[in-house]
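Text of structure_13.txt, listed as compact mmCIF, C-alpha atoms and all ligand atoms:
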# COMPACT_ATOMS: atom_id res chain seq x y z
CA MET A 1168 86.31 51.03 36.41
CA GLN A 1169 89.74 50.03 35.34
CA LYS A 1170 91.67 53.15 36.06
CA SER A 1171 94.22 54.25 33.54
CA SER A 1172 96.90 56.36 35.10
CA ALA A 1173 98.57 55.82 38.41
CA PRO A 1174 98.48 58.68 40.84
CA THR A 1175 101.23 58.98 43.36
CA GLY A 1176 100.93 57.12 46.62
CA PRO A 1177 100.23 53.71 47.82
CA LEU A 1178 98.16 51.69 45.73
CA SER A 1179 95.23 49.64 45.37
CA ARG A 1180 92.73 50.03 42.65
CA ARG A 1181 90.49 51.97 45.00
CA THR A 1182 93.20 54.28 46.29
CA MET A 1183 94.38 54.86 42.77
CA LEU A 1184 90.97 56.16 41.93
CA ALA A 1185 90.72 58.25 45.04
CA GLY A 1186 94.22 59.53 44.49
CA ALA A 1187 93.43 60.53 40.97
CA ALA A 1188 90.48 62.52 42.13
CA ALA A 1189 92.44 64.18 44.90
CA LEU A 1190 95.17 65.18 42.53
CA ALA A 1191 92.83 66.48 39.97
CA GLY A 1192 90.06 67.68 42.16
CA THR A 1193 87.47 65.83 40.19
CA THR A 1194 85.50 62.64 39.84
CA ALA A 1195 84.49 60.39 37.05
CA ALA A 1196 81.25 59.23 35.63
CA ALA A 1197 80.24 56.69 33.15
CA ALA A 1198 79.03 56.06 29.75
CA VAL A 1199 75.64 55.74 28.23
CA THR A 1200 73.88 55.20 25.04
CA ALA A 1201 70.44 54.85 23.70
CA VAL A 1202 71.20 51.92 21.48
CA PRO A 1203 68.35 49.43 21.75
CA ALA A 1204 69.11 46.35 23.76
CA SER A 1205 70.04 43.54 21.52
CA ALA A 1206 67.96 40.86 23.10
CA ALA A 1207 64.35 41.70 23.65
CA PRO A 1208 62.22 39.66 26.03
CA ALA A 1209 60.72 36.68 24.33
CA ALA A 1210 57.18 37.96 24.57
CA SER A 1211 57.10 41.72 24.54
CA VAL A 1212 54.22 42.56 22.25
CA PRO A 1213 52.57 45.63 23.71
CA ALA A 1214 49.28 44.88 25.37
CA ALA A 1215 49.05 47.80 27.69
CA SER A 1216 45.45 47.64 28.62
CA GLY A 1217 42.10 46.25 27.75
CA LYS A 1218 41.14 42.68 27.28
CA PRO A 1219 43.85 40.20 26.44
CA GLY A 1220 43.60 39.11 22.84
CA ARG A 1221 42.95 35.58 21.74
CA GLY A 1222 46.05 33.50 22.29
CA ALA A 1223 47.68 36.13 24.51
CA ARG A 1224 49.95 34.80 27.23
CA THR A 1225 48.47 35.96 30.51
CA VAL A 1226 49.86 35.51 34.00
CA VAL A 1227 48.38 36.96 37.16
CA PHE A 1228 50.69 37.64 40.08
CA ARG A 1229 48.27 37.68 42.98
CA ASN A 1230 48.69 39.30 46.36
CA VAL A 1231 51.70 41.49 45.68
CA ARG A 1232 52.42 44.98 47.02
CA PRO A 1233 53.78 47.36 44.33
CA PHE A 1234 56.46 49.52 45.98
CA GLY A 1235 55.18 48.31 49.34
CA ALA A 1236 51.63 49.63 48.85
CA ALA A 1237 48.45 47.70 49.55
CA ALA A 1238 48.20 44.18 48.18
CA THR A 1239 46.83 43.82 44.68
CA ASP A 1240 47.12 41.62 41.60
CA LEU A 1241 49.52 42.33 38.76
CA VAL A 1242 48.13 41.14 35.45
CA VAL A 1243 50.72 40.44 32.77
CA VAL A 1244 49.74 39.97 29.14
CA ASP A 1245 52.38 39.11 26.57
CA GLY A 1246 55.16 40.33 28.76
CA ARG A 1247 53.67 43.65 29.82
CA ILE A 1248 51.74 44.95 32.79
CA THR A 1249 48.10 45.58 31.94
CA ASP A 1250 45.24 47.20 33.78
CA GLY A 1251 42.73 44.97 32.08
CA PRO A 1252 40.97 42.11 33.81
CA ALA A 1253 42.56 38.71 33.94
CA PRO A 1254 40.70 36.20 31.85
CA ARG A 1255 39.16 33.26 33.62
CA GLY A 1256 41.59 30.40 33.84
CA ALA A 1257 44.71 32.54 33.40
CA LYS A 1258 47.85 31.18 34.98
CA SER A 1259 48.24 32.45 38.52
CA VAL A 1260 51.23 32.94 40.81
CA ASP A 1261 50.79 33.63 44.52
CA GLY A 1262 52.99 36.53 45.56
CA GLY A 1263 52.37 35.88 49.24
CA GLY A 1264 52.12 39.56 50.10
CA ARG A 1265 55.64 40.27 48.88
CA ILE A 1266 56.71 43.72 47.74
CA ALA A 1267 56.93 44.13 43.95
CA LEU A 1268 59.73 46.37 42.74
CA PRO A 1269 61.09 47.20 39.29
CA SER A 1270 63.91 44.97 38.13
CA LEU A 1271 67.33 46.56 38.04
CA VAL A 1272 69.71 47.67 35.32
CA ASP A 1273 73.49 47.48 35.61
CA ALA A 1274 74.80 50.34 33.50
CA HIS A 1275 78.49 49.38 33.75
CA ILE A 1276 80.02 45.96 34.36
CA HIS A 1277 83.00 43.90 33.14
CA PRO A 1278 81.88 40.24 32.92
CA ASP A 1279 84.83 39.21 30.73
CA LYS A 1280 87.36 39.83 33.51
CA THR A 1281 85.57 38.03 36.30
CA THR A 1282 86.64 34.91 38.15
CA TRP A 1283 83.11 34.50 39.52
CA GLY A 1284 82.26 30.89 40.20
CA GLY A 1285 85.89 29.81 40.10
CA ASP A 1286 88.62 29.36 42.68
CA TRP A 1287 89.63 32.25 44.87
CA VAL A 1288 92.41 34.33 43.39
CA SER A 1289 95.03 35.91 45.64
CA ARG A 1290 96.12 39.21 44.20
CA ARG A 1291 99.65 40.55 44.32
CA PRO A 1292 100.53 44.14 45.12
CA ALA A 1293 100.23 46.50 42.20
CA GLU A 1294 101.77 49.94 42.06
CA THR A 1295 101.08 51.19 38.59
CA ILE A 1296 98.55 50.76 35.86
CA ALA A 1297 101.06 48.64 34.03
CA ASP A 1298 101.08 46.29 37.03
CA PHE A 1299 97.30 46.03 37.04
CA VAL A 1300 97.10 45.40 33.33
CA GLU A 1301 99.87 42.81 33.54
CA GLN A 1302 97.95 40.93 36.24
CA ASP A 1303 94.81 41.29 34.15
CA VAL A 1304 96.47 39.49 31.26
CA GLU A 1305 98.03 36.87 33.53
CA LEU A 1306 94.70 36.08 35.13
CA PHE A 1307 92.99 35.91 31.77
CA ARG A 1308 95.53 33.39 30.51
CA ALA A 1309 95.35 31.34 33.70
CA GLN A 1310 91.61 30.79 33.43
CA THR A 1311 90.49 27.27 32.63
CA ARG A 1312 86.97 28.41 31.82
CA SER A 1313 86.22 30.38 28.67
CA VAL A 1314 85.10 33.99 28.75
CA GLY A 1315 81.66 32.80 27.68
CA GLU A 1316 81.37 30.41 30.60
CA ARG A 1317 82.63 32.85 33.20
CA ALA A 1318 80.48 35.67 31.85
CA TYR A 1319 77.42 33.44 31.74
CA GLY A 1320 78.00 32.50 35.37
CA LEU A 1321 78.19 36.11 36.50
CA MET A 1322 75.40 37.39 34.27
CA SER A 1323 72.97 34.63 35.27
CA HIS A 1324 73.84 35.34 38.91
CA ALA A 1325 72.98 39.00 38.26
CA VAL A 1326 69.60 37.89 36.93
CA SER A 1327 69.02 35.95 40.14
CA ARG A 1328 69.58 39.24 41.98
CA GLY A 1329 66.98 41.03 39.89
CA THR A 1330 68.98 42.50 37.01
CA ARG A 1331 66.98 42.85 33.78
CA GLY A 1332 69.57 44.61 31.64
CA MET A 1333 73.27 45.38 31.61
CA ARG A 1334 75.85 47.37 29.68
CA ALA A 1335 78.76 44.92 29.56
CA HIS A 1336 82.31 46.02 28.73
CA ALA A 1337 84.79 43.53 27.28
CA ASP A 1338 88.50 44.19 26.93
CA VAL A 1339 89.68 44.42 23.36
CA ALA A 1340 93.45 44.41 22.91
CA PRO A 1341 96.03 42.45 20.94
CA ALA A 1342 96.57 40.32 24.07
CA TYR A 1343 93.01 38.99 23.76
CA GLY A 1344 91.88 39.72 20.25
CA LEU A 1345 88.10 39.64 20.22
CA ALA A 1346 87.76 36.77 22.68
CA GLY A 1347 86.16 39.07 25.25
CA VAL A 1348 83.38 40.42 23.09
CA GLU A 1349 82.74 37.03 21.54
CA GLY A 1350 82.46 35.47 25.00
CA LEU A 1351 79.99 38.11 26.09
CA ALA A 1352 78.00 37.61 22.89
CA GLU A 1353 77.80 33.89 23.66
CA ALA A 1354 76.55 34.58 27.19
CA ARG A 1355 74.07 37.12 25.83
CA ARG A 1356 72.61 34.54 23.45
CA ARG A 1357 72.20 32.00 26.25
CA LEU A 1358 70.46 34.58 28.44
CA ALA A 1359 68.29 36.23 25.80
CA HIS A 1360 65.11 35.14 27.61
CA ALA A 1361 66.18 36.72 30.87
CA LEU A 1362 68.47 39.69 30.29
CA ASP A 1363 68.95 42.55 27.83
CA VAL A 1364 72.65 43.06 27.18
CA GLN A 1365 74.65 45.73 25.37
CA ILE A 1366 78.29 44.96 24.66
CA VAL A 1367 81.04 47.59 24.65
CA ALA A 1368 84.39 46.90 23.01
CA PHE A 1369 86.67 48.37 25.66
CA PRO A 1370 90.30 49.28 24.83
CA GLN A 1371 91.65 48.78 28.37
CA HIS A 1372 95.24 48.85 27.09
CA GLY A 1373 94.73 52.12 25.22
CA VAL A 1374 93.80 52.86 21.64
CA ILE A 1375 96.86 54.77 20.55
CA ARG A 1376 99.52 53.45 22.94
CA THR A 1377 98.74 49.84 22.02
CA PRO A 1378 99.04 49.37 18.27
CA GLY A 1379 96.58 46.96 16.76
CA THR A 1380 93.74 47.88 19.11
CA ALA A 1381 91.94 50.22 16.71
CA ARG A 1382 91.87 47.53 14.05
CA LEU A 1383 90.32 45.08 16.52
CA LEU A 1384 87.71 47.61 17.63
CA GLU A 1385 86.80 48.19 14.01
CA GLU A 1386 86.60 44.46 13.36
CA GLY A 1387 84.29 43.96 16.34
CA ALA A 1388 81.98 46.67 15.06
CA ARG A 1389 82.12 45.33 11.51
CA ARG A 1390 81.09 41.86 12.67
CA GLY A 1391 78.10 43.32 14.48
CA VAL A 1392 79.16 41.78 17.78
CA VAL A 1393 79.36 45.05 19.69
CA ASP A 1394 76.80 47.74 20.37
CA MET A 1395 79.32 50.38 21.35
CA ILE A 1396 82.94 51.34 21.05
CA GLY A 1397 84.74 52.17 24.26
CA GLY A 1398 87.58 54.49 25.10
CA ILE A 1399 89.77 55.28 28.08
CA ASP A 1400 91.30 58.49 29.41
CA PRO A 1401 92.32 60.05 26.10
CA ILE A 1402 94.76 62.42 27.82
CA GLY A 1403 95.92 60.78 31.04
CA PHE A 1404 96.43 57.29 29.64
CA ASP A 1405 96.59 57.46 25.86
CA HIS A 1406 98.26 60.89 25.74
CA ALA A 1407 96.51 61.72 22.48
CA LEU A 1408 93.20 63.47 23.04
CA ASP A 1409 92.23 64.18 19.46
CA GLU A 1410 93.68 61.04 17.92
CA HIS A 1411 92.03 58.83 20.54
CA LEU A 1412 88.60 60.41 20.24
CA ASP A 1413 88.76 60.67 16.46
CA THR A 1414 89.56 56.96 16.25
CA VAL A 1415 86.79 55.88 18.63
CA PHE A 1416 84.13 58.16 17.19
CA GLY A 1417 85.22 57.37 13.64
CA ILE A 1418 84.62 53.65 14.16
CA ALA A 1419 81.27 54.30 15.82
CA ASP A 1420 80.22 56.60 13.01
CA ARG A 1421 81.23 54.19 10.26
CA HIS A 1422 79.37 51.27 11.80
CA GLY A 1423 76.36 52.96 13.32
CA VAL A 1424 77.13 51.98 16.91
CA GLY A 1425 77.34 54.00 20.11
CA VAL A 1426 80.27 55.20 22.22
CA ASP A 1427 80.95 54.55 25.92
CA ILE A 1428 84.20 56.03 27.23
CA HIS A 1429 85.87 55.36 30.58
CA LEU A 1430 87.01 58.72 31.91
CA HIS A 1431 88.98 58.73 35.16
CA ASP A 1432 91.06 61.77 34.24
CA GLY A 1433 90.55 64.49 36.77
CA GLY A 1434 90.64 68.26 36.72
CA ASP A 1435 91.22 70.10 33.49
CA GLU A 1436 92.26 66.95 31.63
CA GLY A 1437 88.93 65.36 32.38
CA VAL A 1438 86.94 68.43 31.40
CA ARG A 1439 88.88 68.81 28.15
CA ALA A 1440 88.10 65.20 27.32
CA ILE A 1441 84.40 65.79 28.00
CA ARG A 1442 84.47 68.84 25.76
CA GLY A 1443 86.10 66.78 23.03
CA ILE A 1444 83.40 64.14 23.41
CA ILE A 1445 80.61 66.72 23.27
CA ASP A 1446 82.10 68.32 20.14
CA ARG A 1447 82.37 65.03 18.28
CA THR A 1448 78.94 63.85 19.35
CA LYS A 1449 77.49 67.00 17.86
CA ALA A 1450 79.62 66.98 14.71
CA LEU A 1451 78.76 63.36 13.89
CA SER A 1452 75.11 63.61 14.91
CA LEU A 1453 75.56 60.88 17.50
CA THR A 1454 73.16 62.61 19.86
CA GLY A 1455 71.71 60.13 22.36
CA LYS A 1456 74.26 57.44 21.49
CA VAL A 1457 77.18 58.47 23.67
CA THR A 1458 78.00 57.69 27.29
CA ILE A 1459 80.84 58.72 29.56
CA SER A 1460 81.65 56.33 32.39
CA HIS A 1461 82.92 57.30 35.86
CA VAL A 1462 83.65 60.98 35.01
CA PHE A 1463 85.77 61.52 38.11
CA CYS A 1464 86.44 65.13 37.08
CA LEU A 1465 82.82 66.16 37.47
CA PRO A 1466 81.84 66.04 41.17
CA ALA A 1467 84.50 68.54 42.23
CA LEU A 1468 83.38 71.20 39.78
CA SER A 1469 81.83 74.36 41.12
CA GLU A 1470 78.06 74.57 40.94
CA ARG A 1471 78.37 76.99 38.05
CA ASP A 1472 80.86 74.91 36.05
CA LEU A 1473 78.87 71.75 36.70
CA GLY A 1474 75.71 73.45 35.51
CA ALA A 1475 77.33 74.67 32.31
CA LEU A 1476 78.82 71.28 31.53
CA ALA A 1477 75.62 69.42 32.37
CA THR A 1478 73.66 71.73 30.09
CA ASP A 1479 75.98 70.93 27.19
CA LEU A 1480 75.89 67.19 27.95
CA ALA A 1481 72.11 67.28 28.02
CA ALA A 1482 71.98 69.16 24.72
CA GLN A 1483 73.69 66.19 23.07
CA ASP A 1484 71.84 63.72 25.29
CA ILE A 1485 75.15 62.30 26.48
CA ALA A 1486 74.57 59.93 29.38
CA LEU A 1487 76.83 59.27 32.37
CA THR A 1488 77.36 56.28 34.62
CA THR A 1489 78.79 55.95 38.11
CA VAL A 1490 79.61 52.98 40.28
CA ALA A 1491 79.44 55.07 43.48
CA PRO A 1492 83.02 54.24 44.45
CA SER A 1493 83.30 56.82 47.23
CA ARG A 1494 81.79 60.01 48.56
CA ASP A 1495 84.21 62.14 46.56
CA LEU A 1496 83.94 60.20 43.32
CA VAL A 1497 80.24 59.41 43.07
CA LEU A 1498 78.37 61.50 40.52
CA PRO A 1499 75.78 63.99 41.80
CA VAL A 1500 72.91 62.02 40.34
CA ALA A 1501 70.06 64.29 41.38
CA ARG A 1502 71.73 67.49 40.19
CA LEU A 1503 72.61 65.95 36.84
CA ARG A 1504 69.09 64.68 36.37
CA GLU A 1505 67.78 68.18 37.08
CA HIS A 1506 69.79 69.29 34.06
CA GLY A 1507 68.30 66.52 31.96
CA VAL A 1508 71.34 64.24 31.98
CA ARG A 1509 70.66 60.52 32.05
CA VAL A 1510 72.68 58.82 34.81
CA GLY A 1511 73.03 55.09 35.34
CA LEU A 1512 74.48 53.07 38.20
CA GLY A 1513 76.74 50.09 37.67
CA SER A 1514 78.85 47.35 39.26
CA ASP A 1515 82.15 47.81 37.44
CA GLY A 1516 84.59 44.91 37.82
CA VAL A 1517 83.47 41.90 39.84
CA ARG A 1518 86.04 39.70 41.55
CA ASP A 1519 88.68 40.27 38.90
CA SER A 1520 92.38 41.05 38.98
CA TRP A 1521 91.64 44.65 39.90
CA SER A 1522 89.56 43.91 42.95
CA PRO A 1523 88.37 41.00 45.08
CA PHE A 1524 85.10 42.84 45.66
CA GLY A 1525 81.88 43.10 43.68
CA ASN A 1526 78.87 40.83 43.36
CA ALA A 1527 76.82 42.11 40.40
CA ASP A 1528 73.90 42.72 42.75
CA MET A 1529 72.35 46.05 41.84
CA LEU A 1530 70.27 46.19 45.01
CA HIS A 1531 73.56 46.05 46.87
CA ARG A 1532 74.86 48.80 44.60
CA ALA A 1533 71.82 50.94 45.43
CA HIS A 1534 72.68 50.32 49.09
CA ILE A 1535 76.29 51.40 48.41
CA LEU A 1536 75.05 54.54 46.66
CA GLY A 1537 73.04 55.40 49.75
CA TRP A 1538 75.98 54.63 52.02
CA VAL A 1539 78.56 56.75 50.18
CA THR A 1540 76.13 59.65 49.81
CA ASP A 1541 75.18 59.37 53.49
CA VAL A 1542 71.43 59.42 52.96
CA ARG A 1543 68.93 59.11 55.80
CA LEU A 1544 65.48 59.88 54.49
CA ASP A 1545 63.05 57.39 52.99
CA GLU A 1546 62.73 59.34 49.78
CA GLU A 1547 66.52 59.48 49.45
CA LEU A 1548 66.74 55.70 49.86
CA ALA A 1549 64.00 55.28 47.28
CA ASP A 1550 65.97 57.53 44.93
CA CYS A 1551 68.95 55.19 45.27
CA TYR A 1552 66.76 52.31 44.15
CA ARG A 1553 65.41 54.33 41.24
CA ALA A 1554 68.97 55.11 40.14
CA ALA A 1555 69.68 51.38 40.10
CA ALA A 1556 66.47 50.55 38.23
CA HIS A 1557 65.46 53.44 35.99
CA GLY A 1558 68.83 55.19 35.69
CA GLY A 1559 70.39 52.28 33.87
CA ALA A 1560 67.25 51.81 31.79
CA ASP A 1561 67.59 55.40 30.63
CA VAL A 1562 71.23 54.77 29.77
CA MET A 1563 70.43 51.64 27.78
CA GLY A 1564 67.34 53.05 26.11
CA LEU A 1565 65.02 50.59 27.83
CA PRO A 1566 61.51 51.52 28.99
CA HIS A 1567 61.09 51.92 32.72
CA ALA A 1568 59.81 48.78 34.41
CA ASP A 1569 57.71 50.92 36.74
CA LEU A 1570 54.85 48.45 37.19
CA LYS A 1571 52.43 50.76 35.36
CA PRO A 1572 50.16 49.55 32.55
CA GLY A 1573 52.21 49.12 29.40
CA ALA A 1574 55.50 48.70 31.24
CA PRO A 1575 57.57 45.57 30.66
CA ALA A 1576 56.70 42.97 33.27
CA ASP A 1577 60.20 42.99 34.72
CA PHE A 1578 59.99 42.98 38.50
CA VAL A 1579 61.22 41.33 41.66
CA LEU A 1580 59.20 40.09 44.60
CA VAL A 1581 60.78 40.40 48.02
CA LYS A 1582 59.68 40.10 51.62
CA GLY A 1583 59.79 43.39 53.48
CA GLN A 1584 58.08 46.43 54.86
CA GLY A 1585 58.74 48.97 52.15
CA LEU A 1586 61.21 50.23 49.56
CA PRO A 1587 63.48 52.24 51.91
CA GLN A 1588 63.84 49.26 54.23
CA VAL A 1589 64.55 46.97 51.28
CA VAL A 1590 67.44 49.22 50.16
CA VAL A 1591 68.94 48.96 53.63
CA ASP A 1592 68.30 45.27 54.32
CA MET A 1593 68.74 43.86 50.81
CA PRO A 1594 66.45 40.83 51.15
CA GLN A 1595 66.66 37.81 48.92
CA ARG A 1596 64.90 38.23 45.60
CA ASP A 1597 62.32 35.47 46.03
CA PHE A 1598 60.97 35.87 42.49
CA VAL A 1599 62.60 37.55 39.51
CA VAL A 1600 60.21 38.06 36.62
CA HIS A 1601 61.35 39.04 33.12
CA GLY A 1602 58.80 39.68 30.42
CA GLY A 1603 56.20 38.04 32.63
CA VAL A 1604 58.26 34.86 33.01
CA ILE A 1605 59.80 33.76 36.31
CA VAL A 1606 63.52 33.55 35.54
CA ALA A 1607 64.84 33.15 39.10
CA ARG A 1608 63.34 31.79 42.29
CA ASP A 1609 64.57 31.91 45.86
CA GLY A 1610 67.86 33.42 44.77
CA GLU A 1611 68.56 30.78 42.12
CA PHE A 1612 68.61 31.39 38.37
CA LEU A 1613 66.22 29.08 36.50
CA SER A 1614 68.13 28.01 33.41
ZN ZN B 1701 84.76 49.98 33.90

Please, can you express the file's structure as structure tokens?
Ligand SMILES: [Zn+2]
Amino acid sequence: MQKSSAPTGPLSRRTMLAGAAALAGTTAAAAVTAVPASAAPAASVPAASGKPGRGARTVVFRNVRPFGAAATDLVVVDGRITDGPAPRGAKSVDGGGRIALPSLVDAHIHPDKTTWGGDWVSRRPAETIADFVEQDVELFRAQTRSVGERAYGLMSHAVSRGTRGMRAHADVAPAYGLAGVEGLAEARRRLAHALDVQIVAFPQHGVIRTPGTARLLEEGARRGVVDMIGGIDPIGFDHALDEHLDTVFGIADRHGVGVDIHLHDGGDEGVRAIRGIIDRTKALSLTGKVTISHVFCLPALSERDLGALATDLAAQDIALTTVAPSRDLVLPVARLREHGVRVGLGSDGVRDSWSPFGNADMLHRAHILGWVTDVRLDEELADCYRAAAHGGADVMGLPHADLKPGAPADFVLVKGQGLPQVVVDMPQRDFVVHGGVIVARDGEFLS
């Protein structure tokens, strides 16, 4: 989440976030966009139903239980679920009675910052945002592995945990140039058969307060490396609401990309930023291409204010994302969806300078969502899973992998009794299937 401004009080990344919300009386959300994923599954020609055509690639996953229901066969033709019969001699995989569930989508993650797969890093105390950013840069420079290698390690691990798509943020600042987005682009190319990735050029160090950043954002968009331009707390961190948003939206408009803005600002500052985002989305006809991430100002709003804001967000089809950081900061997913707002769930930073935590496992994140929202009922647990699977798909503009005919054959097979129990127990993903192809087995990515 990479908070921007330091609230008063003692300080870890998590308490900074909580402190910000307490001070402001609000919470943050996340960003979204309907930009098509850059890397489509290798074989995704629609073949929703009927007989497989000549030369079609057919795989039958036998003895699986969709959402924990009775055992059946899932027939996959050219990367999609079909209700047609499997041709004689089609390739067959024994599901062993495992539960089949939709693969997951991580709507907000920072693979460029991660130390995943490397030595343990001991973090030093940090009191202010400047401290965090300084340690960010130090850690980046201390890495012996390239961004591309580290990101590939984390992203392929995410695939092994059942992730089919992710919105990946990469820091863009003079301290790094475009190394972050280029590293993510390299990892995306290597994983094109297994994972749909959108890349956000994220100005972690500010757009206005750090000269040279806007030029780099523009260059990233011009090169076609990024799908979206990011932003961060236009008021609380960059202290220039209009200039910040005009710069970010201007670049997006000129290059036909989306926008995904980190917004931790609470209270009135957060709401004013949202209003500024809504206004520019409408003025530039970027409807459906804008996301706001975290949105810590939103959960504390009154029912009436939340309804009014959600209505205006939905009118511009502006999506939100949350990483479910705490009870007070998690977005009210169900209420927002009732208003027609797309909401995705994400990991945020994973084992980076900001936090030793995180694992890029979206089933675990669904579990965390259930934990922080204190759910008990089966349907509530299932909703947490749906937020982790379909919520992010909505944010990224991907079709739901809902196991219905015509859906992309992106699913996981796990041992268990049913979906609610799976959210609680988080079993190993024995099979991860992407576009009908097994891309991970027994928890290991198949490169
Ligand atoms: Zn973030």

Would you be able to write out as number ranges by chain which residues have an atom within 10 Å of (88.5, 67.3, 21.9) in the file's coordinates, counting all atoms listed in the file? A: 1401-1402, 1407-1413, 1438-1447

Using only C-alpha atoms and all ligand atoms, determine which residues fall within 10 Å of ligand ZN 1701 (chain B), then list them as a PyMOL selection string. chain A and resi 1168-1170+1197-1198+1274-1277+1335-1338+1369+1371+1397+1399+1427-1431+1460-1461+1488-1490+1513-1516

In Å, with one decimal, what is the gap from CA of Ala1388 in chain A to CA of Pro1370 in chain A? 13.1 Å

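The space between CA of Leu1465 in chain A and CA of Pro1499 in chain A spans 8.5 Å.
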
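CA of Ile1366 in chain A lies 26.8 Å from CA of Leu1570 in chain A.
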
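Of the listed residues (A:Gly1434, A:Gly1235, A:Gly1507, A:Pro1378), A:Pro1378 comes nearest to Ala1340 in chain A; the distances count only C-alpha atoms.
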
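Near Ala1419 in chain A, within 8 Å and counting only C-alpha atoms, sit Ala1388, Met1395, Ile1396, Gly1425 and Val1426 of chain A, not including residues fewer than 6 positions from it in the same chain.
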
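When only C-alpha atoms are used to compute distances to Trp1521 in chain A, the closest of the residues A:Ala1238, A:Ala1293, A:Ala1477, A:Ile1266 turns out to be A:Ala1293.
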
Spatial neighbours of Val1510 in chain A, max dist 10 Å, all atoms listed in the file, sep filter under 5 positions, as an MDAnalysis selection string: chainID A and resid 1196:1199 1274 1458:1460 1485:1489 1498:1501 1503:1504 1554:1555 1557:1562

Using all atoms listed in the file, the residue out of A:Asp1261, A:Val1272, A:Arg1553, A:Lys1449 with shortest distance to Arg1232 in chain A is A:Asp1261
